[in-house]
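Taking it in order: structure first as structure tokens, then the write-up.
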Amino acid sequence: MRQYRDAHIFMDLYKNLIRPLLFLADPEVVHHGAMAALKVAGPVLAKFAPKPDPRLARTVFGVTFPNPVGLAAGFDKNAVALPAWEALGFGFAEVGTITARAQPGNPKPRIFRVPECAGLINRLGFNNDGCDAVEGRLQRLRESGRWPAIPVGINLGKSKIVPLQEATEDYLLSFERLKGLGDYFVLNVSSPNTPGLRQLQDRAALHELLGTIQGRNTAGRPLLLKIAPDLDWQMIGEILELVEEHKLAGIIATNTTIDHAGIPAQREQQGGLSGAPLRARSTEIVRFIAERTKLPVIAVGGIFDGPSAREKFDAGAALVQVYTGFIYEGPGIVKKICRDLVGR
Ligand SMILES: Cc1cc2nc3c(=O)[nH]c(=O)nc-3n(C[C@H](O)[C@H](O)[C@H](O)COP(=O)(O)O)c2cc1C
């Protein structure tokens, strides 16, 4: 438990001293700085990684997780800092979104803090190095012997220049390239920042996508679908039918929302909203799925502490992920949530 007590002290330091300084700078500049630091420090930090508490371990879709608190997609888009996530206590890390082709994403600025409601708005648009570069990086990490002991998820998206009608082949390209390197895979059809992407959640398009990828998933890797919080219940119901028909391993709920009703007008920016304003909606969707299916759900949206994580587990989640909470609460968030879960 000592490592979890220390986390508390560090979190106070982060919130009172480090965060106010970081929040003076542009969010994306801070992000790149943090990633550069974690990339360098990761292998060293990994030597001091907290010992997993066996009470938190669980096996979901055939994969064993040392604890159920993961890093959400979008933070380590290019898989540059995997050893660091284990060192910070995460039970798993999801890299990506990775697209078949390298792409720069949307014009900057494209990440905006909304501190009044502990939110973030982003319209990054899948800026990433592309599947070839990430494959090489992951291969080198494997060969170096520094591959983390935690499960690694790989989140895949559509390249922006590829027309929507050719989306399936585009996902397939990156899946084929990376399928030997992840413990689970995610088809991201729910980012609001790639034009038309969310249309892949429609029945016909999704049927084709899931059928094709599963058809080529000969090694039976766990394949999950990440959905948007802006779908109505009927659409979610249809998606669940398809996910079960194509024998996916689970659902990730949810991505960011385009519903900005909960944020102050002067903070309005186009893009996906995450953090506290998303919490209730994402929990509602997790509950809806858990009540209707036996599919494992990875819950993500507005998790900042033990109670908000427990809310997701109580709604039926098997695992949780954090992104915005990590920005607002600092790296101690993982250990804090784990301490709360152990206490329970
Ligand atoms: C800056 C930023 C970038 C993101 N990039 C991705 C991404 O590339 N792929 C993805 O599936 N989700 C992405 N997300 C969504 C998160 O993974 C998560 O689903 C969402 O932010 C809700 O969780 P949170 O409230 O803990 O942030 C991104 C979120 C943020 C804030």
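Ligands are numbered from 1 in the order shown, residues from 1 within each chain, and chains are lettered A, B, ... in the order they appear in the structure tokens.
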
Which of segment 141-332 of chain A end up as strand (DSSP E or B) when DSSP is run on this backbone - answer as a count of residues only?
32

From a DSSP pass on the backbone, collect the residues of segment 30-240 of chain A flagged as alpha helix (DSSP H) and hand them back as a ChimeraX atom specification.
/A:30-46,82-87,131-144,167-178,203-216,233-240

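Atom CA of Gly332 of chain A is found 22.9 Å from atom CA of Thr283 of chain A.
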
Using only C-alpha atoms and all ligand atoms, determine which residues fall within 6 Å of ligand 1, then list them as a PyMOL selection string.
chain A and resi 72-74+96-97+120+122+126+188+254-256+274-275+300-303+322-325

Counting only C-alpha atoms, closest pick from A:Phe185, A:Pro229, A:Ala265, A:Asp305 relative to Lys335 of chain A is A:Asp305

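The list of residues with at least one atom within 9 Å of Asp76 of chain A, based on only C-alpha atoms and without residues fewer than 5 positions apart in the same chain, reads Met35, Leu71, Ala81, Leu82, Ala93, Glu94, Val95, Gly96 and Thr97 of chain A.
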
With N, CA and C atoms retained, export the selected residues as a compact mmCIF listing (two decimals), in the first residue's frame.
# COMPACT_ATOMS: atom_id res chain seq x y z
N MET A 35 5.72 13.62 -23.57
CA MET A 35 6.01 12.36 -24.28
C MET A 35 7.52 12.18 -24.46
N LEU A 71 -4.30 3.10 -20.00
CA LEU A 71 -4.13 4.37 -20.69
C LEU A 71 -4.98 4.34 -21.96
N ALA A 81 6.37 5.40 -25.88
CA ALA A 81 6.70 5.44 -24.45
C ALA A 81 6.13 4.24 -23.69
N LEU A 82 6.07 3.08 -24.34
CA LEU A 82 5.40 1.95 -23.67
C LEU A 82 5.99 1.58 -22.30
N ALA A 93 -1.93 -0.49 -21.75
CA ALA A 93 -1.82 0.77 -22.50
C ALA A 93 -2.29 0.52 -23.92
N GLU A 94 -3.08 1.47 -24.42
CA GLU A 94 -3.56 1.35 -25.80
C GLU A 94 -2.87 2.40 -26.66
N VAL A 95 -2.13 1.97 -27.64
CA VAL A 95 -1.44 2.92 -28.51
C VAL A 95 -2.30 3.21 -29.74
N GLY A 96 -1.98 4.32 -30.42
CA GLY A 96 -2.76 4.75 -31.57
C GLY A 96 -3.64 5.93 -31.19
N THR A 97 -4.49 6.32 -32.02
CA THR A 97 -4.94 5.69 -33.25
C THR A 97 -3.84 5.74 -34.32

Give me the residues near Pro109 of chain A as a PyMOL selection string, where near means some atom within 9 Å (using only C-alpha atoms) and where sequence neighbours in that chain fewer than 2 positions away do not count.
chain A and resi 26-28+106-107+111-112+123-124

Between A:Ser159, A:Thr168, A:Asn16, A:Gln321, which has the minimum distance to Asn128 of chain A (counting only C-alpha atoms)?
A:Ser159

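Using only C-alpha atoms, the nearest neighbour of Ser308 of chain A within the list A:Lys47, A:Arg339, A:Arg292, A:Arg279 is A:Arg279.
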
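Restricting the calculation to only C-alpha atoms, the smallest distance between Glu329 of chain A and any of A:Glu244, A:Thr59, A:Lys226, A:Gly119 is found for A:Gly119.
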